Structures are given as structure tokens and as C-alpha cells.
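K.L.:
I'd like to ask some things about the structure below.
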Amino acid sequence: MNNTFKMILACALMLPIAGCSAEKKSSVAGSDSITGAYDMTITGYDWGCGTDSIIMNLDHPLDAVTTDSFTVTEHKQATNFMAEGFPVEEVDVPRQVTNAYLVDESGKKTTEPSTRVKLELYVSPNDGSPLLFSFPSMMNTWSHPYTLTVTKADNAKLTSEGTEVKDFTISVDSASKTTSADKFKLDTFKAKDGVTYQYASYTPEGGSKTLVVWLHGLGEGGTENTDPYVTLLANKAAVLGDESFQSTVGGANVLVPQCPTYWMDNDGKMTNSTGGGIHADGTSHYLESLHELIAKYKEETGSTKVVIAGCSNGGYMTMLMALNYPTEYDAYVPICEALPNALITDEQVKTLADLKMYYVYSQDDTTVVPELHEVPLLQRLEASGAKDIHVSVTEHVVDTTGTYYVDENGQPTLENTGKPYQYMGHWSWIYFFNNTCDANGLKAWDFIANAVK
């Protein structure tokens, strides 16, 4: 190979490299006009879910940012509980930016100029939910629309490679959405009787012989503007796929069916729901189809042990599954269960007395009053000689995570006022998902682990 040919070859090889370098340099050049889009993250909390951070992807880099650099306004649907008929309206809500910083391509904080900016947003039981709770249906759905408008604060001094930024425009619609439930897969199932379920499922690495079925409450059912991610996020049920739960129970497949209406529906047409109340009769239109779905998923995962847990409407259905299929499942966790004691016969009490059950409720539950549900039933179970019935009962439902406290107006605050924020007494599922239930020293997750050994 002569020297002339070597020089030509070397130049040819260097051209793409030089071209790439030049292109990269121009793509990160400074500008006084910046545009971009954002990716948002939705996380499940005790009280539901909230959009707690976004990452803006910009066409030109910023040199530095501060918490006061941006303003964020949330546009969404919300129920107006102050107006007659509780109408659904579109509202604009200012969002509090609690932190702002530059991140690199992997999402890690950086001090170098970057085209990626992360904003952390304050969330609370009153702030940041992307869900709409409609009073007429008593159900949660995804808010449509749901947008975030990010603007440069009036007094903010932003620079891009030393150039002062004068125009800053971010698309109001998110480019992508990440949630704490994304580890779950979504699918559908059509039963022999024609009932079609949307459902979420989680399979641990390496599989498991245990199946945990979670049955949601009234607010997480439906088929319009919803999906099983709503079921997982509105009550923090996604924690069942987290390491905390999985390691405690020894690994478990998780099945989360979404009821097309609500579990207490006795005809599939919601005719037993009037004026916001449901008239239970001890039956469910979904009994056989749910049993069929669980059997299908049990076979699909090779599970040999099954635990059914559920809250409120789902607690009602948990009780029906225990009464109608007592030999097919291994344990039950009914939480603030809505099956009235008056509908349970003495013969059915004998059936329940032979099962492994862990009841959870709060004494101040005004939605499913304990004196009409758990209290008399548990007395009957004790009188019948039940041996493996456990009860976690609390006076109230309060924040046990050390996150939210109550301020002088009774509203949630991050400031430690010495008094944990108190939720509705019906929300006793919070203790289950945080594994803070206590039945004479036995936690609910440990009960599950023992039941499937």
C-alpha cells in the first residue's frame, strides 16, 4: 500500500468522525429560543396517585436551573363538590415545583449544561392526581384532558451556552408517561358467560407457585377512560409487585382483575346502585366469571397456592369467593369488607370458621359500618370455634409513612406538626399496602407468607 493511498484512506475514515463531531456540536449550541417536550412520572401513594415529576427534553441546552426558574400549571377534569349535582369541570391548578435540576441522558443529576431538565412537583391527597373521581359513578378514570403548561418564570434568568434565553416553549401534552405500575402487564379475558375483564398481572423473575389476587374497591372498576393501571394506582396496589411485598411472601404471581362495573353488582347492569349507595343481596353477577379467570391464570402460571385479598367492594367479593369456593383457595384477606353480617347464614359462618382469614378494618369507618359488618360476624366466628381468623383493627386511619402531617386547617402538609394526617376511616387498605396491619403481632403480609408455605 503506497503512501498516497494510505493518506486517501485515512482522510476517508476521518470524514464521518469529523462530521459526527460537527453535528453534535451544532445540536447543543446555545440559543435564545428554546422549545421542547416533557415526559411525566406518576407514582402511587397512600391516598392515590400523583404526577410527581417531569423531565423536559429541550432542543438546546440550559446552563443551570433553580427551583424558581419555572412555573407549572395543571389542566384537567375535576368534580366540583361545591356545586349542585357535583358537575365535572375543566380546571387550571398551579403546581408547586419543589426541586429543579439538570440531568444527563440516564436521568442522573449533572452540573454540566444539558438539554434535559427534571422538575419535582409537590403531590398530596389534594394535589397532582391525573385521575378524575366522578361522583355520579363513584369511579376513577383518567382525566381527559390532562396537560401541564411549563413556562419560564418572569424573573428567571436562564442561559443557553452563555446566551440569555428569551423564549421558552414546552408542549403541553406529555410525550410519554411512566408509572409505578408499569411492571404489571395488561391483558383481557372473556369468560364463558360473556363477561370480559381487563386485568393486570405480575410474574416475579423465576416464577412462583403462589398467586395473590387483588380485588379493587368501587372506585377502580369500569370500562370507559380507565384501565387496570387505574386499579393499581388509585389504591397503591402496585406495591404487590414491589420487592417489599415479594420478598416477604416468598415471591408471588399477582392478578388484578378490573370489574366492568362493580363487584357488588347483582345483575351486571348496576340496578342495585341508587343515590350513591349499593343495596347488597349477598350475590354478584361476576362470581362465576371471576372464578373462571382465576382458574385460567392459576393454570397459566403453574400456581398451586392462591390467596384472595380485596377492599370494600373487593372485600365483599373476597367474602363471596370464600363462601362459594371454600376449598379452592388457601387464604383470604377481606379489608373493610362490605358483605352485611345480616346476609350471612349460620351455615355460612361454619364455612368461614374453617378458613384462613385476616380481617382489616377501622372503627371509624362510616362507609362500611363495622357494627353492621365485621363486629357481629367476628363474634359469630369466635362462638363457632374458628381457629385461624385474625383481625387487625384500628381506631383511625392515619399516615404511617412519616410523609404527611395535618396543618392548623386540617389539610395535609409535609411540615412535621407532630400530628400525622388522618384519612377517611374507610381507607384501612392503606395499612395493608404499607404492611402495618397488626393482628396480635401478626402482619397481613406475614399471614399470606404463612398461608402458602
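Order determines the names: the first chain of the C-alpha cells is A, the second B, and so forth; residues in each chain are numbered 1 upward, and ligands are numbered 1 upward as they are shown.
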I'd like the contact shell of Val368 (chain A) - 7 Å cut-off, only C-alpha atoms, skipping same-chain residues fewer than 5 positions apart - returned as number ranges by chain.
P.N.:
A: 336, 338, 426
K.L.:
Would you output that residue set with all heavy atoms, as a PDB file, in the first residue's frame?
P.N.:
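Listed below is the output, part.pdb:
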ATOM      1  N   CYS A 336     -62.074  -3.921  55.106  1.00  0.00           N
ATOM      2  CA  CYS A 336     -63.315  -3.129  55.171  1.00  0.00           C
ATOM      3  C   CYS A 336     -64.382  -3.752  54.286  1.00  0.00           C
ATOM      4  O   CYS A 336     -64.996  -3.093  53.455  1.00  0.00           O
ATOM      5  CB  CYS A 336     -63.081  -1.658  54.821  1.00  0.00           C
ATOM      6  SG  CYS A 336     -62.259  -1.299  53.259  1.00  0.00           S
ATOM      7  N   ALA A 338     -67.626  -5.375  52.575  1.00  0.00           N
ATOM      8  CA  ALA A 338     -68.961  -4.784  52.532  1.00  0.00           C
ATOM      9  C   ALA A 338     -70.096  -5.799  52.478  1.00  0.00           C
ATOM     10  O   ALA A 338     -71.204  -5.463  52.066  1.00  0.00           O
ATOM     11  CB  ALA A 338     -69.053  -3.862  51.319  1.00  0.00           C
ATOM     12  N   HIS A 426     -62.660   4.612  56.192  1.00  0.00           N
ATOM     13  CA  HIS A 426     -62.883   3.508  55.257  1.00  0.00           C
ATOM     14  C   HIS A 426     -61.591   3.052  54.595  1.00  0.00           C
ATOM     15  O   HIS A 426     -61.519   1.936  54.089  1.00  0.00           O
ATOM     16  CB  HIS A 426     -63.891   3.955  54.193  1.00  0.00           C
ATOM     17  CG  HIS A 426     -64.346   2.868  53.283  1.00  0.00           C
ATOM     18  ND1 HIS A 426     -64.818   1.648  53.741  1.00  0.00           N
ATOM     19  CD2 HIS A 426     -64.421   2.798  51.918  1.00  0.00           C
ATOM     20  CE1 HIS A 426     -65.164   0.885  52.712  1.00  0.00           C
ATOM     21  NE2 HIS A 426     -64.923   1.559  51.601  1.00  0.00           N
TER      22      HIS A 426
END
K.L.:
Could you name the residues that touch Asp104 (chain A) at 8 Å or less, counting only C-alpha atoms, but leaving out those on the same chain fewer than 5 positions away, as a ChimeraX atom specification?
P.N.:
/A:109-110,114,116
K.L.:
Which is closer to Thr196 (chain A) than all the others in A:Asp388, A:Glu112, A:Glu337, A:Glu292, using only C-alpha atoms?
P.N.:
A:Glu292
K.L.:
Restricting the calculation to only C-alpha atoms: of A:Gly107, A:Pro61, A:Pro228, A:Pro113, which residue gets closest to Ser201 (chain A)?
P.N.:
A:Pro228
K.L.:
Quick one: of A:Lys118, A:Lys269, A:His285, A:Lys152, who's nearest to Leu102 (chain A), counting only C-alpha atoms?
P.N.:
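The answer is A:Lys118, which sits nearest to Leu102 (chain A).
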K.L.:
Name all residues at most 7 Å from region 443-447 of chain A (count only C-alpha atoms; drop same-chain ones fewer than 3 positions away) and give them as an mmCIF file with all heavy atoms, in the first residue's frame.
P.N.:
data_model
loop_
_atom_site.group_PDB
_atom_site.id
_atom_site.type_symbol
_atom_site.label_atom_id
_atom_site.label_comp_id
_atom_site.auth_asym_id
_atom_site.auth_seq_id
_atom_site.Cartn_x
_atom_site.Cartn_y
_atom_site.Cartn_z
ATOM 1 N N THR A 248 -41.311 -10.582 51.217
ATOM 2 C CA THR A 248 -41.996 -11.001 52.435
ATOM 3 C C THR A 248 -42.791 -12.281 52.227
ATOM 4 O O THR A 248 -42.774 -13.184 53.076
ATOM 5 C CB THR A 248 -42.935 -9.895 52.948
ATOM 6 O OG1 THR A 248 -42.166 -8.720 53.220
ATOM 7 C CG2 THR A 248 -43.650 -10.326 54.233
ATOM 8 N N VAL A 249 -43.481 -12.380 51.096
ATOM 9 C CA VAL A 249 -44.338 -13.553 50.858
ATOM 10 C C VAL A 249 -43.597 -14.675 50.141
ATOM 11 O O VAL A 249 -44.178 -15.723 49.873
ATOM 12 C CB VAL A 249 -45.603 -13.169 50.061
ATOM 13 C CG1 VAL A 249 -46.389 -12.096 50.792
ATOM 14 C CG2 VAL A 249 -45.254 -12.723 48.642
ATOM 15 N N TYR A 358 -57.866 -13.117 57.334
ATOM 16 C CA TYR A 358 -57.249 -11.978 58.014
ATOM 17 C C TYR A 358 -58.090 -10.743 57.707
ATOM 18 O O TYR A 358 -58.090 -10.228 56.589
ATOM 19 C CB TYR A 358 -55.812 -11.784 57.516
ATOM 20 C CG TYR A 358 -54.960 -10.842 58.332
ATOM 21 C CD1 TYR A 358 -53.931 -11.339 59.125
ATOM 22 C CD2 TYR A 358 -55.151 -9.460 58.291
ATOM 23 C CE1 TYR A 358 -53.114 -10.479 59.865
ATOM 24 C CE2 TYR A 358 -54.358 -8.600 59.020
ATOM 25 C CZ TYR A 358 -53.333 -9.116 59.810
ATOM 26 O OH TYR A 358 -52.538 -8.266 60.538
ATOM 27 N N PHE A 432 -52.783 -2.205 54.905
ATOM 28 C CA PHE A 432 -52.408 -3.446 54.215
ATOM 29 C C PHE A 432 -51.256 -3.195 53.250
ATOM 30 O O PHE A 432 -50.270 -3.934 53.233
ATOM 31 C CB PHE A 432 -53.608 -4.020 53.460
ATOM 32 C CG PHE A 432 -53.268 -5.210 52.596
ATOM 33 C CD1 PHE A 432 -53.014 -6.449 53.173
ATOM 34 C CD2 PHE A 432 -53.187 -5.084 51.219
ATOM 35 C CE1 PHE A 432 -52.682 -7.542 52.385
ATOM 36 C CE2 PHE A 432 -52.862 -6.179 50.425
ATOM 37 C CZ PHE A 432 -52.612 -7.413 51.014
ATOM 38 N N ASN A 435 -48.065 -2.691 54.963
ATOM 39 C CA ASN A 435 -47.750 -3.812 55.855
ATOM 40 C C ASN A 435 -47.637 -3.356 57.304
ATOM 41 O O ASN A 435 -46.748 -3.780 58.046
ATOM 42 C CB ASN A 435 -46.453 -4.508 55.421
ATOM 43 C CG ASN A 435 -46.334 -5.898 56.033
ATOM 44 O OD1 ASN A 435 -47.338 -6.550 56.346
ATOM 45 N ND2 ASN A 435 -45.109 -6.362 56.216
ATOM 46 N N THR A 436 -48.561 -2.488 57.708
ATOM 47 C CA THR A 436 -48.586 -2.032 59.099
ATOM 48 C C THR A 436 -49.810 -2.563 59.840
ATOM 49 O O THR A 436 -50.114 -2.108 60.940
ATOM 50 C CB THR A 436 -48.570 -0.485 59.169
ATOM 51 O OG1 THR A 436 -49.608 0.045 58.329
ATOM 52 C CG2 THR A 436 -47.230 0.067 58.716
ATOM 53 N N CYS A 437 -50.510 -3.516 59.227
ATOM 54 C CA CYS A 437 -51.605 -4.183 59.947
ATOM 55 C C CYS A 437 -51.022 -4.955 61.121
ATOM 56 O O CYS A 437 -49.884 -5.438 61.060
ATOM 57 C CB CYS A 437 -52.337 -5.157 59.017
ATOM 58 S SG CYS A 437 -53.164 -4.379 57.621
ATOM 59 N N ASP A 438 -51.788 -5.095 62.179
ATOM 60 C CA ASP A 438 -51.305 -5.808 63.357
ATOM 61 C C ASP A 438 -52.447 -6.590 63.990
ATOM 62 O O ASP A 438 -53.368 -6.013 64.564
ATOM 63 C CB ASP A 438 -50.726 -4.820 64.367
ATOM 64 C CG ASP A 438 -50.048 -5.519 65.545
ATOM 65 O OD1 ASP A 438 -50.199 -6.746 65.691
ATOM 66 O OD2 ASP A 438 -49.379 -4.822 66.326
ATOM 67 N N ALA A 439 -52.381 -7.892 63.844
ATOM 68 C CA ALA A 439 -53.362 -8.782 64.472
ATOM 69 C C ALA A 439 -52.635 -9.581 65.549
ATOM 70 O O ALA A 439 -52.099 -10.658 65.289
ATOM 71 C CB ALA A 439 -53.980 -9.717 63.439
ATOM 72 N N ASN A 450 -47.291 -17.256 55.578
ATOM 73 C CA ASN A 450 -47.534 -18.484 56.327
ATOM 74 C C ASN A 450 -48.576 -19.360 55.656
ATOM 75 O O ASN A 450 -48.487 -20.593 55.690
ATOM 76 C CB ASN A 450 -47.993 -18.133 57.761
ATOM 77 C CG ASN A 450 -46.927 -17.435 58.563
ATOM 78 O OD1 ASN A 450 -45.746 -17.550 58.266
ATOM 79 N ND2 ASN A 450 -47.323 -16.683 59.578
ATOM 80 N N ALA A 451 -49.565 -18.742 55.032
ATOM 81 C CA ALA A 451 -50.671 -19.484 54.433
ATOM 82 C C ALA A 451 -50.248 -20.273 53.203
ATOM 83 O O ALA A 451 -50.908 -21.260 52.862
ATOM 84 C CB ALA A 451 -51.807 -18.534 54.080
#
K.L.:
Please provide the set of residues having any atom within 7 Å of Tyr359 (chain A), restricted to only C-alpha atoms, with same-chain residues fewer than 5 positions apart removed, written as a list in words.
P.N.:
Val333, Pro334, Ile335, His390, Val391 and Ser392 of chain A
K.L.:
May I ask which of the residues A:Thr223, A:Ser289, A:Thr169, A:Thr111 is the closest one to Phe189 (chain A), counting only C-alpha atoms?
P.N.:
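Of the candidates, the smallest distance to Phe189 (chain A) is held by A:Ser289.
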K.L.:
Just checking: using only C-alpha atoms, which residue out of A:Leu240, A:Leu218, A:Leu320, A:Val172 ends up closest to Ser273 (chain A)?
P.N.:
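Closest to Ser273 (chain A) of all the choices is A:Leu218.
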K.L.:
Report as a ChimeraX atom specification: the residues of region 258-362 of chain A with a DSSP assignment of helix (DSSP H, G or I), based on the backbone of this structure.
P.N.:
/A:287-301,313-324,341-343,346-353
K.L.:
Please identify the strand (DSSP E) residues within region 85-300 of chain A (assignment by DSSP from backbone atoms) and present them as a PyMOL selection string.
P.N.:
chain A and resi 88-95+97-102+114-121+131-134+139-142+146-152+159-160+163-164+167-170+176-179+185-190+196-202+210-215+253-258+273-274+277-278
K.L.:
So which residues touch Gly314 (chain A) within 7 Å, counting only C-alpha atoms, skipping near sequence neighbours fewer than 5 positions away, as a PyMOL selection string?
P.N.:
chain A and resi 215-217+263
K.L.:
Save the residues we just selected, all heavy atoms, as a compact mmCIF listing (two decimals), in the first residue's frame?
P.N.:
# COMPACT_ATOMS: atom_id res chain seq x y z
N LEU A 215 -58.59 -7.71 44.63
CA LEU A 215 -59.90 -7.26 44.17
C LEU A 215 -60.13 -5.83 44.64
O LEU A 215 -60.21 -5.57 45.84
CB LEU A 215 -61.00 -8.19 44.69
CG LEU A 215 -60.83 -9.67 44.31
CD1 LEU A 215 -61.96 -10.51 44.89
CD2 LEU A 215 -60.75 -9.84 42.80
N HIS A 216 -60.25 -4.92 43.71
CA HIS A 216 -60.31 -3.49 43.99
C HIS A 216 -61.64 -3.06 44.58
O HIS A 216 -62.62 -3.81 44.61
CB HIS A 216 -60.06 -2.72 42.70
CG HIS A 216 -61.09 -3.00 41.63
ND1 HIS A 216 -62.35 -2.46 41.64
CD2 HIS A 216 -61.03 -3.78 40.52
CE1 HIS A 216 -63.03 -2.87 40.58
NE2 HIS A 216 -62.26 -3.69 39.89
N GLY A 217 -61.69 -1.82 45.01
CA GLY A 217 -62.92 -1.23 45.53
C GLY A 217 -63.76 -0.65 44.41
O GLY A 217 -63.41 -0.71 43.22
N TRP A 263 -68.09 -5.03 41.93
CA TRP A 263 -68.22 -6.42 42.36
C TRP A 263 -69.57 -6.71 43.03
O TRP A 263 -70.07 -7.83 42.98
CB TRP A 263 -67.09 -6.78 43.33
CG TRP A 263 -65.72 -6.67 42.75
CD1 TRP A 263 -64.73 -5.81 43.14
CD2 TRP A 263 -65.17 -7.43 41.67
NE1 TRP A 263 -63.60 -5.98 42.38
CE2 TRP A 263 -63.84 -6.97 41.46
CE3 TRP A 263 -65.66 -8.44 40.84
CZ2 TRP A 263 -63.01 -7.50 40.48
CZ3 TRP A 263 -64.84 -8.97 39.85
CH2 TRP A 263 -63.52 -8.50 39.68
K.L.:
List the spatial neighbours of region 41-49 of chain A as an mmCIF file with N, CA and C atoms, in the first residue's frame - criterion: any atom at most 7 Å away, only C-alpha atoms, same-chain residues fewer than 2 positions off excluded.
P.N.:
data_model
loop_
_atom_site.group_PDB
_atom_site.id
_atom_site.type_symbol
_atom_site.label_atom_id
_atom_site.label_comp_id
_atom_site.auth_asym_id
_atom_site.auth_seq_id
_atom_site.Cartn_x
_atom_site.Cartn_y
_atom_site.Cartn_z
ATOM 1 N N ASP A 39 -41.612 14.357 29.546
ATOM 2 C CA ASP A 39 -42.045 13.024 29.962
ATOM 3 C C ASP A 39 -42.488 13.135 31.417
ATOM 4 N N THR A 51 -48.859 12.998 39.759
ATOM 5 C CA THR A 51 -47.766 13.309 38.839
ATOM 6 C C THR A 51 -46.718 14.073 39.636
ATOM 7 N N ASP A 52 -45.658 13.371 40.015
ATOM 8 C CA ASP A 52 -44.709 13.972 40.949
ATOM 9 C C ASP A 52 -43.404 14.435 40.317
ATOM 10 N N SER A 53 -43.214 14.210 39.027
ATOM 11 C CA SER A 53 -42.031 14.753 38.368
ATOM 12 C C SER A 53 -42.206 14.724 36.855
ATOM 13 N N ILE A 54 -41.487 15.594 36.193
ATOM 14 C CA ILE A 54 -41.409 15.573 34.732
ATOM 15 C C ILE A 54 -39.960 15.798 34.340
ATOM 16 N N PRO A 125 -52.845 14.418 48.998
ATOM 17 C CA PRO A 125 -54.228 13.994 48.753
ATOM 18 C C PRO A 125 -55.051 15.036 48.001
ATOM 19 N N SER A 129 -53.218 14.756 41.173
ATOM 20 C CA SER A 129 -53.729 13.498 40.636
ATOM 21 C C SER A 129 -54.124 13.641 39.170
ATOM 22 N N LYS A 177 -45.461 8.676 29.387
ATOM 23 C CA LYS A 177 -45.941 8.559 30.766
ATOM 24 C C LYS A 177 -45.342 7.308 31.392
ATOM 25 N N THR A 178 -44.692 7.491 32.527
ATOM 26 C CA THR A 178 -44.147 6.370 33.293
ATOM 27 C C THR A 178 -44.875 6.310 34.625
ATOM 28 N N THR A 179 -45.277 5.112 35.046
ATOM 29 C CA THR A 179 -45.983 4.980 36.322
ATOM 30 C C THR A 179 -45.324 3.909 37.183
ATOM 31 N N SER A 180 -45.674 3.928 38.466
ATOM 32 C CA SER A 180 -45.131 2.919 39.381
ATOM 33 C C SER A 180 -45.822 1.577 39.210
ATOM 34 N N LEU A 233 -53.054 2.056 40.678
ATOM 35 C CA LEU A 233 -52.521 3.323 41.180
ATOM 36 C C LEU A 233 -53.443 4.038 42.155
ATOM 37 N N ALA A 234 -54.748 3.879 42.000
ATOM 38 C CA ALA A 234 -55.678 4.619 42.848
ATOM 39 C C ALA A 234 -55.642 4.152 44.294
ATOM 40 N N ASN A 235 -55.173 2.935 44.540
ATOM 41 C CA ASN A 235 -55.101 2.413 45.907
ATOM 42 C C ASN A 235 -53.726 1.862 46.263
ATOM 43 N N LYS A 236 -52.708 2.222 45.512
ATOM 44 C CA LYS A 236 -51.332 1.802 45.782
ATOM 45 C C LYS A 236 -51.150 0.293 45.666
ATOM 46 N N ILE A 430 -54.919 1.156 53.378
ATOM 47 C CA ILE A 430 -53.613 1.817 53.482
ATOM 48 C C ILE A 430 -52.680 1.002 54.373
#
